[in-house]
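As provided, data-v2.txt (compact mmCIF, C-alpha atoms) reads as follows.
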```txt
# COMPACT_ATOMS: atom_id res chain seq x y z
CA MET A 89 12.17 69.87 10.77
CA GLY A 90 12.41 66.17 11.45
CA THR A 91 12.06 65.25 7.81
CA GLY A 92 15.76 64.90 7.09
CA ARG A 93 16.01 61.22 8.12
CA THR A 94 16.82 59.01 5.19
CA ARG A 95 15.08 55.73 4.52
CA GLY A 96 18.24 53.85 5.54
CA SER A 97 18.50 55.65 8.88
CA ALA A 98 14.85 54.94 9.57
CA VAL A 99 15.23 51.23 8.86
CA ARG A 100 18.60 50.77 10.58
CA PRO A 101 17.24 50.65 14.19
CA PHE A 102 15.05 47.69 13.20
CA TYR A 103 17.91 45.52 11.86
CA PRO A 104 18.60 43.95 15.29
CA ILE A 105 14.92 43.05 15.58
CA LEU A 106 15.01 41.50 12.09
CA ARG A 107 18.14 39.51 12.95
CA LEU A 108 16.48 38.28 16.17
CA LEU A 109 13.40 37.16 14.27
CA VAL A 110 15.45 35.30 11.67
CA PHE A 111 17.53 33.65 14.42
CA THR A 112 14.35 32.62 16.30
CA VAL A 113 12.87 31.01 13.19
CA LEU A 114 16.09 29.14 12.38
CA VAL A 115 16.51 27.88 15.95
CA HIS A 116 12.89 26.75 16.03
CA ARG A 117 13.43 24.96 12.74
CA VAL A 118 16.52 23.14 14.02
CA GLN A 119 14.77 22.17 17.25
CA SER A 120 11.86 20.84 15.18
CA GLU A 121 13.99 18.27 13.32
CA CYS A 122 13.11 14.66 14.11
CA ARG A 123 16.20 12.86 15.38
CA VAL A 124 14.86 9.29 15.30
CA THR A 125 17.67 8.21 12.96
CA LYS A 126 20.26 9.40 15.48
CA CYS A 127 18.57 7.43 18.28
CA ALA A 128 18.44 4.28 16.16
CA SER A 129 22.09 4.64 15.07
CA GLU A 130 23.28 5.09 18.63
CA PHE A 131 21.37 1.97 19.70
CA ALA A 132 22.80 -0.04 16.79
CA ASP A 133 26.35 1.11 17.60
CA SER A 134 26.05 0.30 21.30
CA THR A 135 24.70 -3.22 20.64
CA ALA A 136 26.84 -4.09 17.62
CA ALA A 137 29.03 -6.42 19.68
CA LEU A 138 26.03 -8.19 21.27
CA ASN A 139 24.00 -11.02 19.78
CA PRO A 140 20.36 -10.54 20.82
CA PRO A 141 18.72 -12.07 22.65
CA PRO A 142 21.57 -11.70 25.21
CA SER A 143 22.40 -14.98 26.91
CA ASN A 144 24.41 -13.88 29.95
CA LEU A 145 23.97 -11.25 32.65
CA ARG A 146 26.67 -8.91 31.37
CA ASP A 147 25.19 -8.83 27.86
CA ARG A 148 21.67 -8.40 29.26
CA VAL A 149 22.81 -5.44 31.34
CA LEU A 150 24.49 -3.81 28.34
CA TYR A 151 21.55 -4.55 26.06
CA CYS A 152 18.96 -3.18 28.51
CA ARG A 153 21.13 -0.13 29.16
CA ALA A 154 21.21 0.57 25.41
CA LEU A 155 17.43 0.12 25.20
CA ARG A 156 16.86 2.58 28.06
CA ALA A 157 19.18 5.13 26.41
CA ALA A 158 17.41 4.72 23.08
CA THR A 159 14.00 5.13 24.73
CA GLU A 160 15.16 8.32 26.47
CA CYS A 161 16.58 9.60 23.17
CA LEU A 162 13.20 9.04 21.50
CA ARG A 163 11.44 10.79 24.38
CA ARG A 164 13.55 13.89 23.88
CA THR A 165 12.67 14.05 20.20
CA ALA A 166 9.00 13.09 20.60
CA ARG A 167 7.47 16.45 19.72
CA PRO A 168 9.10 17.06 16.31
CA CYS A 169 8.65 13.37 15.41
CA ARG A 170 4.86 13.35 15.58
CA GLY A 171 3.53 11.81 12.38
CA ASN A 172 6.86 10.14 11.58
CA LEU A 173 6.31 6.41 11.01
CA ASP A 174 9.89 5.47 11.83
CA TYR A 175 9.60 7.22 15.19
CA HIS A 176 6.44 5.34 16.17
CA SER A 177 7.84 2.03 14.87
CA PHE A 178 11.07 2.37 16.84
CA GLN A 179 9.20 3.58 19.93
CA ARG A 180 6.98 0.51 19.88
CA GLY A 181 9.90 -1.76 19.02
CA PHE A 182 12.09 -0.49 21.88
CA ARG A 183 9.19 -0.78 24.32
CA ASN A 184 8.53 -4.37 23.26
CA LEU A 185 12.23 -5.23 23.57
CA LEU A 186 12.34 -3.77 27.09
CA GLN A 187 9.41 -5.98 28.05
CA SER A 188 10.55 -9.15 26.28
CA ASN A 189 14.03 -8.88 27.83
CA ASN A 190 12.52 -8.19 31.27
CA CYS A 191 14.69 -5.08 31.56
CA SER A 192 12.72 -3.75 34.53
CA HIS A 193 14.43 -6.45 36.61
CA VAL A 194 17.89 -6.06 35.08
CA PRO A 195 20.28 -3.81 37.02
CA ASP A 196 21.99 -0.95 35.24
CA GLU A 197 25.43 -2.15 36.34
CA PRO A 198 26.83 -5.66 35.79
CA VAL A 199 26.87 -7.95 38.83
CA PRO A 200 30.07 -10.00 39.30
CA THR A 201 29.39 -13.61 38.41
CA ARG A 202 31.37 -16.80 38.33
CA PRO A 203 32.68 -17.70 34.89
CA THR A 204 30.27 -19.99 33.07
CA GLN A 205 31.28 -23.13 31.27
CA GLU A 206 32.22 -22.25 27.70
CA LEU A 207 31.05 -24.21 24.70
CA PRO A 208 33.62 -26.46 23.05
CA HIS A 209 35.22 -24.76 20.09
CA VAL A 210 33.48 -27.10 17.64
CA CYS A 211 30.08 -26.04 19.11
CA ALA A 212 30.66 -22.32 18.73
CA PHE A 213 29.22 -20.71 15.63
CA ARG A 214 32.04 -19.71 13.32
CA GLY A 215 30.17 -18.38 10.32
CA ARG A 216 29.52 -14.82 9.22
CA PRO A 217 27.30 -12.79 11.58
CA VAL A 218 24.80 -12.07 8.81
CA TYR A 219 21.27 -12.99 9.88
CA LYS A 220 17.85 -13.30 8.28
CA HIS A 221 14.32 -13.65 9.60
CA CYS A 222 11.32 -15.69 8.48
CA GLY A 223 7.85 -15.70 10.01
CA LEU A 224 4.51 -17.46 9.47
CA PHE A 225 1.26 -16.48 11.17
CA GLY A 226 -2.46 -16.07 10.66
CA ASP A 227 -4.25 -17.16 7.52
CA PRO A 228 -1.32 -17.99 6.87
CA HIS A 229 0.89 -15.00 6.04
CA LEU A 230 4.53 -15.53 5.20
CA ARG A 231 7.56 -13.28 5.48
CA THR A 232 10.45 -15.00 3.72
CA PHE A 233 14.17 -14.74 4.49
CA ASN A 234 14.34 -12.26 1.59
CA ASP A 235 11.61 -10.03 3.13
CA ASP A 236 9.00 -11.02 0.56
CA PHE A 237 5.47 -10.74 1.98
CA GLN A 238 2.90 -13.29 0.85
CA THR A 239 -0.51 -14.62 1.83
CA CYS A 240 -0.92 -18.27 0.92
CA LYS A 241 -3.39 -21.15 0.97
CA VAL A 242 -0.83 -23.99 1.44
CA ASP A 243 -3.36 -26.45 2.81
CA ARG A 244 -1.95 -29.51 4.62
CA ALA A 245 1.80 -30.16 5.17
CA TRP A 246 4.55 -27.94 3.69
CA PRO A 247 8.28 -27.53 4.39
CA LEU A 248 9.29 -24.16 5.80
CA ILE A 249 13.02 -24.90 6.16
CA ASP A 250 15.20 -27.83 5.16
CA ASN A 251 18.97 -27.44 5.34
CA ALA A 252 21.92 -29.43 6.65
CA TYR A 253 21.18 -28.57 10.29
CA LEU A 254 17.45 -27.95 10.64
CA ALA A 255 14.11 -28.96 9.16
CA VAL A 256 10.77 -27.32 9.93
CA GLN A 257 7.44 -28.49 8.55
CA VAL A 258 4.10 -26.72 8.88
CA THR A 259 0.59 -28.16 8.57
CA ASN A 260 -2.34 -25.87 7.78
CA VAL A 261 -6.03 -26.74 7.84
CA PRO A 262 -9.20 -24.84 6.86
CA VAL A 263 -10.37 -22.49 9.61
CA ALA A 264 -13.57 -23.83 11.15
CA VAL A 265 -15.38 -20.49 11.32
CA ALA A 266 -14.43 -19.77 7.74
CA THR A 267 -15.45 -23.22 6.51
CA SER A 268 -18.86 -22.84 8.10
CA HIS A 269 -19.34 -19.70 6.03
CA GLY A 270 -18.04 -21.25 2.83
CA PHE A 271 -14.59 -19.60 3.02
CA THR A 272 -11.26 -21.19 2.05
CA ALA A 273 -9.10 -19.62 4.77
CA THR A 274 -6.48 -21.86 6.41
CA ALA A 275 -4.36 -21.58 9.57
CA THR A 276 -1.49 -23.47 11.19
CA THR A 277 -2.35 -26.35 13.54
CA LYS A 278 0.93 -28.29 13.56
CA LEU A 279 4.63 -27.39 13.52
CA THR A 280 7.42 -29.95 13.53
CA VAL A 281 11.01 -28.88 14.23
CA ILE A 282 13.81 -31.39 13.59
CA VAL A 283 17.28 -30.45 14.82
CA LYS A 284 19.50 -32.70 12.76
CA GLY A 285 22.51 -34.43 14.30
CA GLN A 286 24.82 -32.88 11.72
CA VAL A 287 27.31 -31.90 14.45
CA ALA A 288 27.24 -34.96 16.68
CA GLU A 289 29.70 -33.44 19.14
CA CYS A 290 27.19 -30.67 19.94
CA ALA A 291 23.76 -32.33 19.93
CA ARG A 292 22.04 -35.48 18.84
CA GLU A 293 18.95 -35.30 16.67
CA LYS A 294 16.02 -33.75 18.50
CA VAL A 295 12.38 -33.47 17.44
CA TYR A 296 9.88 -30.95 18.74
CA GLN A 297 6.27 -31.21 17.65
CA ALA A 298 3.67 -28.55 18.45
CA GLN A 299 0.03 -29.20 17.69
CA GLN A 300 -3.23 -27.34 18.08
CA ASN A 301 -3.80 -26.73 21.82
CA ASN A 302 -0.62 -28.65 22.67
CA LEU A 303 2.64 -26.71 22.93
CA PRO A 304 4.89 -29.19 24.78
CA ASP A 305 7.49 -28.12 27.35
CA ALA A 306 10.06 -30.67 26.13
CA PHE A 307 11.40 -32.38 23.03
CA ALA A 308 9.87 -35.66 21.91
CA ASP A 309 12.41 -37.62 23.98
CA GLY A 310 11.40 -35.77 27.16
CA THR A 311 14.51 -33.60 27.41
CA ARG A 312 14.81 -29.83 27.29
CA SER A 313 18.41 -29.52 26.17
CA GLY A 314 21.31 -31.27 24.50
CA GLY A 315 25.06 -30.95 24.30
CA PRO A 316 28.40 -32.54 25.25
CA ASN A 317 29.44 -33.11 28.87
CA GLY A 318 26.56 -31.16 30.35
CA VAL A 319 27.17 -28.10 28.14
CA ARG A 320 23.84 -27.03 26.67
CA SER A 321 24.38 -26.19 23.00
CA LEU A 322 20.67 -26.84 22.30
CA VAL A 323 18.04 -25.46 24.67
CA LEU A 324 14.24 -25.47 24.78
CA ASP A 325 13.12 -22.40 26.71
CA VAL A 326 9.50 -22.37 27.94
CA ARG A 327 8.57 -18.68 28.15
CA VAL A 328 4.82 -19.11 28.82
CA PRO A 329 3.68 -22.70 29.44
CA GLY A 330 1.40 -23.88 26.67
CA ARG A 331 1.63 -20.52 24.87
CA HIS A 332 5.20 -19.54 24.03
CA VAL A 333 8.38 -21.63 23.67
CA GLU A 334 11.75 -20.87 22.08
CA ILE A 335 14.47 -23.16 20.77
CA ASN A 336 18.04 -21.84 20.84
CA ILE A 337 20.73 -23.69 18.87
CA SER A 338 24.08 -22.11 19.74
CA TYR A 339 26.33 -23.93 17.25
CA ILE A 340 24.32 -22.48 14.33
CA ASP A 341 23.38 -19.31 16.29
CA THR A 342 19.67 -19.82 15.55
CA THR A 343 16.58 -18.85 17.54
CA ILE A 344 13.13 -20.32 16.86
CA VAL A 345 9.94 -18.86 18.39
CA LEU A 346 6.72 -20.89 18.52
CA ARG A 347 3.45 -19.53 19.89
CA GLN A 348 -0.08 -20.80 20.42
CA ILE A 349 -2.55 -17.93 19.89
CA GLY A 350 -6.21 -18.85 20.06
CA ASN A 351 -6.51 -22.22 18.36
CA TYR A 352 -3.59 -21.75 15.99
CA LEU A 353 0.20 -21.63 15.93
CA THR A 354 2.73 -19.03 14.79
CA PHE A 355 6.37 -19.46 13.80
CA ALA A 356 9.37 -17.12 13.68
CA ILE A 357 13.09 -17.77 13.22
CA ARG A 358 16.40 -15.90 13.17
CA MET A 359 19.12 -17.81 11.29
CA PRO A 360 22.54 -16.99 9.81
CA GLU A 361 22.67 -16.72 6.04
CA ASP A 362 25.51 -19.25 5.89
CA VAL A 363 23.28 -21.87 7.54
CA ILE A 364 20.34 -21.06 5.27
CA ASN A 365 22.55 -21.62 2.22
CA THR A 366 23.32 -25.22 3.27
CA GLY A 367 19.83 -26.19 2.09
CA ASP A 368 18.62 -27.36 -1.29
CA THR A 369 18.84 -24.46 -3.73
CA ASP A 370 17.63 -26.38 -6.78
CA GLU A 371 14.53 -25.16 -8.55
CA ASP A 372 12.69 -28.33 -7.54
CA GLY A 373 13.53 -27.86 -3.87
CA LEU A 374 10.76 -26.33 -1.80
CA GLN A 375 11.34 -24.25 1.32
CA LEU A 376 8.65 -21.66 1.98
CA CYS A 377 10.98 -19.48 4.06
CA VAL A 378 13.56 -19.46 1.25
CA LYS A 379 11.53 -19.44 -1.96
CA GLY A 380 8.07 -18.41 -0.82
CA CYS A 381 4.81 -20.10 -1.67
CA PRO A 382 4.27 -21.54 -5.15
CA GLN A 383 2.47 -19.10 -7.41
CA SER A 384 -0.60 -21.34 -7.53
CA GLU A 385 -0.90 -21.18 -3.72
CA ARG A 386 -0.70 -17.39 -3.35
CA ILE A 387 -3.64 -15.12 -2.58
CA ASP A 388 -3.66 -11.57 -3.91
CA TYR A 389 -4.41 -9.96 -0.56
CA VAL A 390 -3.67 -6.47 -1.94
CA GLU A 391 -6.42 -6.79 -4.52
CA PHE A 392 -8.78 -8.25 -1.95
CA LEU A 393 -8.26 -5.38 0.52
CA LYS A 394 -8.76 -2.76 -2.18
CA TYR A 395 -11.87 -4.35 -3.66
CA PRO A 396 -13.26 -6.89 -1.16
CA GLN A 397 -16.67 -7.25 -2.76
CA GLN A 398 -15.25 -7.88 -6.23
CA SER A 399 -12.54 -10.25 -4.93
CA SER A 400 -14.59 -12.21 -2.39
CA ASN A 401 -15.91 -14.67 -4.96
CA THR A 402 -12.35 -15.61 -5.92
CA VAL A 403 -10.81 -15.71 -2.44
CA LEU A 404 -13.81 -16.80 -0.39
CA HIS A 405 -15.92 -18.58 -3.02
CA ARG A 406 -18.92 -16.52 -2.01
CA SER A 407 -19.98 -12.88 -2.06
CA GLU A 408 -20.15 -12.29 1.72
CA ILE A 409 -17.33 -11.48 4.13
CA ALA A 410 -17.11 -12.41 7.81
CA MET A 411 -16.45 -8.89 9.14
CA PRO A 412 -16.93 -5.47 7.50
CA LYS A 413 -13.73 -3.83 6.34
CA GLU A 414 -14.11 -0.71 8.51
CA MET A 415 -14.67 -2.78 11.66
CA ALA A 416 -11.66 -4.99 10.86
CA ILE A 417 -9.43 -1.94 10.35
CA ALA A 418 -10.55 -0.45 13.68
CA LYS A 419 -9.89 -3.68 15.61
CA CYS A 420 -6.47 -4.18 14.03
CA ARG A 421 -5.37 -0.62 14.72
CA GLU A 422 -6.17 -1.17 18.39
CA SER A 423 -3.34 -3.72 18.38
CA ASN A 424 -0.87 -1.13 16.98
CA VAL A 425 0.17 -3.29 14.03
CA THR A 426 1.57 -1.62 10.91
CA ASP A 427 2.60 -2.36 7.35
CA PHE A 428 2.14 -5.95 6.12
CA TYR A 429 0.99 -6.94 9.61
CA LEU A 430 -1.88 -4.44 9.51
CA ASP A 431 -2.92 -5.66 6.07
CA SER A 432 -2.72 -9.30 7.20
CA CYS A 433 -4.74 -8.62 10.34
CA VAL A 434 -7.51 -6.92 8.37
CA PHE A 435 -7.52 -9.72 5.79
CA ASP A 436 -7.84 -12.38 8.51
CA LEU A 437 -10.71 -10.64 10.29
CA MET A 438 -12.58 -10.07 7.05
CA THR A 439 -12.21 -13.71 6.00
CA THR A 440 -12.71 -15.42 9.39
CA GLY A 441 -14.15 -12.94 11.88
CA ASP A 442 -11.86 -14.48 14.54
CA ALA A 443 -10.44 -11.68 16.75
CA ASN A 444 -7.54 -13.92 17.87
CA PHE A 445 -5.87 -13.17 14.55
CA THR A 446 -5.22 -9.61 15.74
CA LEU A 447 -3.05 -11.07 18.52
CA ALA A 448 -1.28 -13.30 15.99
CA ALA A 449 -0.35 -10.28 13.85
CA LYS A 450 0.77 -8.31 16.91
CA SER A 451 2.99 -11.15 18.17
CA ALA A 452 4.44 -11.66 14.71
CA LEU A 453 5.42 -7.98 14.54
CA GLU A 454 6.98 -8.19 18.03
CA ASP A 455 9.05 -11.14 16.82
CA VAL A 456 10.25 -9.06 13.88
CA TYR A 457 11.64 -6.41 16.23
CA ARG A 458 13.39 -9.11 18.24
CA LEU A 459 14.72 -11.30 15.45
CA HIS A 460 15.09 -9.25 12.28
CA PRO A 461 18.57 -7.68 11.83
CA ASN A 462 17.03 -4.42 10.58
CA PRO A 463 13.30 -4.33 11.37
CA GLY A 464 12.67 -0.78 10.21
CA ARG A 465 14.19 -1.11 6.75
CA THR A 466 11.26 -2.79 5.04
CA HIS A 467 8.43 -1.04 6.91
CA ARG A 468 6.47 1.82 5.42
CA ASN A 469 3.55 3.88 6.66
CA ARG A 470 0.78 1.65 5.38
CA THR A 471 -1.94 4.07 6.49
CA ILE A 472 -0.88 6.05 3.40
CA ASP A 473 -0.65 4.48 -0.07
CA SER A 474 -1.99 1.24 1.43
CA PRO A 475 -4.01 -1.67 0.09
CA LEU A 476 -6.49 -0.54 2.73
CA SER A 477 -6.86 2.78 0.88
CA SER A 478 -8.93 2.20 -2.24
CA PRO A 479 -10.08 5.04 -4.49
CA GLN A 480 -13.66 4.48 -3.28
CA SER A 481 -12.87 4.59 0.45
CA PRO A 482 -9.60 6.34 1.22
CA VAL A 483 -8.16 5.68 4.65
CA ASN A 484 -5.55 8.01 6.05
CA SER A 485 -5.17 8.29 9.79
CA ALA A 486 -1.61 9.59 9.74
CA PRO A 487 -1.11 12.99 11.37
CA SER A 488 -0.97 15.99 9.09
CA ARG A 489 2.41 16.71 7.48
CA THR A 490 1.67 20.47 7.22
CA LEU A 491 3.69 23.00 9.20
CA PRO A 492 2.82 23.26 12.91
CA ARG A 493 0.92 26.41 13.85
CA ARG A 494 3.82 27.91 15.84
CA THR A 495 6.23 27.54 12.93
CA LEU A 496 3.68 28.93 10.49
CA SER A 497 3.06 31.92 12.78
CA LEU A 498 6.79 32.68 13.00
CA TYR A 499 7.14 32.60 9.24
CA MET A 500 4.15 34.92 8.83
CA LEU A 501 5.59 37.32 11.42
CA LEU A 502 8.94 37.37 9.65
CA ILE A 503 7.32 38.08 6.27
CA SER A 504 5.25 40.90 7.79
CA CYS A 505 8.37 42.50 9.32
CA ILE A 506 10.23 42.36 6.02
CA ILE A 507 7.32 44.04 4.24
CA LEU A 508 7.10 46.68 6.98
CA LEU A 509 10.82 47.49 6.88
CA THR A 510 10.93 47.54 3.10
CA ASN A 511 8.18 50.18 3.01
CA TRP A 512 9.18 52.08 6.20
CA SER A 513 9.85 55.34 4.37
CA TYR A 514 6.28 55.34 3.16
CA PHE A 515 4.91 55.11 6.70
CA VAL A 516 7.20 57.79 8.23
CA THR A 517 6.69 60.45 5.54
```
As a first step, turn the structure in this file into structure tokens.
Amino acid sequence: MGTGRTRGSAVRPFYPILRLLVFTVLVHRVQSECRVTKCASEFADSTAALNPPPSNLRDRVLYCRALRAATECLRRTARPCRGNLDYHSFQRGFRNLLQSNNCSHVPDEPVPTRPTQELPHVCAFRGRPVYKHCGLFGDPHLRTFNDDFQTCKVDRAWPLIDNAYLAVQVTNVPVAVATSHGFTATATTKLTVIVKGQVAECAREKVYQAQQNNLPDAFADGTRSGGPNGVRSLVLDVRVPGRHVEINISYIDTTIVLRQIGNYLTFAIRMPEDVINTGDTDEDGLQLCVKGCPQSERIDYVEFLKYPQQSSNTVLHRSEIAMPKEMAIAKCRESNVTDFYLDSCVFDLMTTGDANFTLAAKSALEDVYRLHPNPGRTHRNRTIDSPLSSPQSPVNSAPSRTLPRRTLSLYMLLISCIILLTNWSYFVT
């Protein structure tokens, strides 16, 4: 009479449907995995034999080709990577590298060229290819060779680097707009780079001195390069006249970046660890890039950003700030800076009100992606668990980490089917 079907026979026809639903959910889950790590690893593997920034056409072609491949890899994984800080950091970093290396004008295939004159063996770097980065920008903010982040006062002249091959000295002065409001903020107005004649066969001593509103296009002796028999083992490269110059020292495999942004200067360097270690390592020796600022010169920017009103008397010597915190955050986020560079940008705007400091933070972060051996390692999503997020005024602009609606719907459909099949005998009797 049609009632002889067992519960198992009633459920059995729906097993294929159940399997299909499970398969659909699993496939959707796999496709939703963010593959930013894979993209970054492939880029690192393909450029492992290159020393950025590439100096010859062949290396530039290979480097730009790897950047294009990495960008395409990120594009393919864009949807599941929404809200992933590493994805957005690498996306911005690859885009900046494509622009800074002028990859739009670099062909995808190497063009045959005549062999260039090679450096004498004594002028080729023979140390370990282990590099570190140091940067100074803004009010001023320091990233040491050991990736320590500090905000310092360091008024007047201070040594950044002093080793057997290179010396760099920075001079900071009170910021005019801050001084007029009673603030103690300082910024860099003078940078002196001394390339020592430690390896006389490669280059004689050269001095480059950048000052406020004066970024020269040559060394102090009027030259732009140095080296034996016309071979340039030391080169001053003017990227943007009066705004951006770079010094490349091949025999110590070092790149120095100097910029004029607004009325102030920024500094960034990429240097091998072996060269860094030729400096004074005694406790009395002072190199800001190596040891950081003295404790007495440091500003607790984390405390200031959490509680600006309570901290302003200590940092600014008055109760007012130059720009409201919310406005400073909004302006800095327009520049797409993250992590320490977002915090520094907000600090500078709150203490000076000078919008040029947003450009200083942005350029400093771009230099990190160019010069740091592993720029993503020390960066975190500072829109969450940030000094900018105090208990009184939480700030969290990161996308939601909850399940996407499609995934949630599939899970709900699967659960409903399981419940239906489990109780099928009830519905058919």
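Taking CA of Glu289 (chain A) and CA of Gly215 (chain A) as the two end points, the separation is 17.5 Å.
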Review point. Which polymer residues have any atom within 8 Å of an atom of region 449-458 of chain A, counting all atoms listed in the file, with same-chain residues fewer than 4 positions away left out, as a ChimeraX atom specification?
Key: /A:140-141,181,184-185,221,223-226,345,354,356,423-425,429-430,432-433,445,463
Exercise for review: Quick one: pull the distance between CA of Ala308 (chain A) and CA of Gln257 (chain A), Å, one decimal.
Suggested key: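 One can read the CA of Ala308 (chain A) to CA of Gln257 (chain A) distance as 15.4 Å.
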Closest contacts (region 322-359 of chain A/region 227-246 of chain A, max 10 Å, only C-alpha atoms) as JSON lines:
```
{"residue": "A:Tyr352", "atom": "CA", "partner": "A:Asp227", "partner_atom": "CA", "distance": 9.7}
{"residue": "A:Leu353", "atom": "CA", "partner": "A:Pro228", "partner_atom": "CA", "distance": 9.9}
{"residue": "A:Thr354", "atom": "CA", "partner": "A:Pro228", "partner_atom": "CA", "distance": 9.0}
{"residue": "A:Phe355", "atom": "CA", "partner": "A:Leu230", "partner_atom": "CA", "distance": 9.6}
{"residue": "A:Ala356", "atom": "CA", "partner": "A:Arg231", "partner_atom": "CA", "distance": 9.2}
{"residue": "A:Ile357", "atom": "CA", "partner": "A:Phe233", "partner_atom": "CA", "distance": 9.3}
{"residue": "A:Arg358", "atom": "CA", "partner": "A:Phe233", "partner_atom": "CA", "distance": 9.0}
{"residue": "A:Met359", "atom": "CA", "partner": "A:Phe233", "partner_atom": "CA", "distance": 9.0}
```
Point to revise | Atomic separation - CA of Ile282 (chain A) relative to CA of Ala255 (chain A), Å | key: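 One can read the CA of Ala255 (chain A) to CA of Ile282 (chain A) distance as 5.1 Å.
Using only C-alpha atoms, the shortest contact distance between Asp388 (chain A) and any of A:Asp431, A:Ala443, A:Ile409, A:Thr343 is found at A:Asp431.
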**Study point:** Selected residue of minimal separation from Ala275 (chain A) among A:Arg331, A:Arg148, A:Asn444, A:Ala288, counting only C-alpha atoms
**Key:** A:Asn444
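Of the listed residues (A:Ile417, A:Cys211, A:Leu376, A:Leu303), A:Cys211 comes nearest to Ala291 (chain A); the distances count all atoms listed in the file.
Nearest to Asn351 (chain A) of all the residues A:Arg292, A:Arg320, A:Lys278, A:Lys284 is A:Lys278, based on all atoms listed in the file.
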Practice item. Name all residues at most 12 Å from Tyr253 (chain A) (count all atoms listed in the file; drop same-chain ones fewer than 2 positions away) and give them as number ranges by chain. Key: A: 249-251, 255-256, 281-288, 290-294, 337-342, 359-360, 362-368
Residues of the last selection are to be written out with C-alpha atoms, as a compact mmCIF listing (two decimals), in the coordinates of the input.
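Saved result, result.txt, follows:
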```txt
# COMPACT_ATOMS: atom_id res chain seq x y z
CA ILE A 249 13.02 -24.90 6.16
CA ASP A 250 15.20 -27.83 5.16
CA ASN A 251 18.97 -27.44 5.34
CA ALA A 255 14.11 -28.96 9.16
CA VAL A 256 10.77 -27.32 9.93
CA VAL A 281 11.01 -28.88 14.23
CA ILE A 282 13.81 -31.39 13.59
CA VAL A 283 17.28 -30.45 14.82
CA LYS A 284 19.50 -32.70 12.76
CA GLY A 285 22.51 -34.43 14.30
CA GLN A 286 24.82 -32.88 11.72
CA VAL A 287 27.31 -31.90 14.45
CA ALA A 288 27.24 -34.96 16.68
CA CYS A 290 27.19 -30.67 19.94
CA ALA A 291 23.76 -32.33 19.93
CA ARG A 292 22.04 -35.48 18.84
CA GLU A 293 18.95 -35.30 16.67
CA LYS A 294 16.02 -33.75 18.50
CA ILE A 337 20.73 -23.69 18.87
CA SER A 338 24.08 -22.11 19.74
CA TYR A 339 26.33 -23.93 17.25
CA ILE A 340 24.32 -22.48 14.33
CA ASP A 341 23.38 -19.31 16.29
CA THR A 342 19.67 -19.82 15.55
CA MET A 359 19.12 -17.81 11.29
CA PRO A 360 22.54 -16.99 9.81
CA ASP A 362 25.51 -19.25 5.89
CA VAL A 363 23.28 -21.87 7.54
CA ILE A 364 20.34 -21.06 5.27
CA ASN A 365 22.55 -21.62 2.22
CA THR A 366 23.32 -25.22 3.27
CA GLY A 367 19.83 -26.19 2.09
CA ASP A 368 18.62 -27.36 -1.29
```
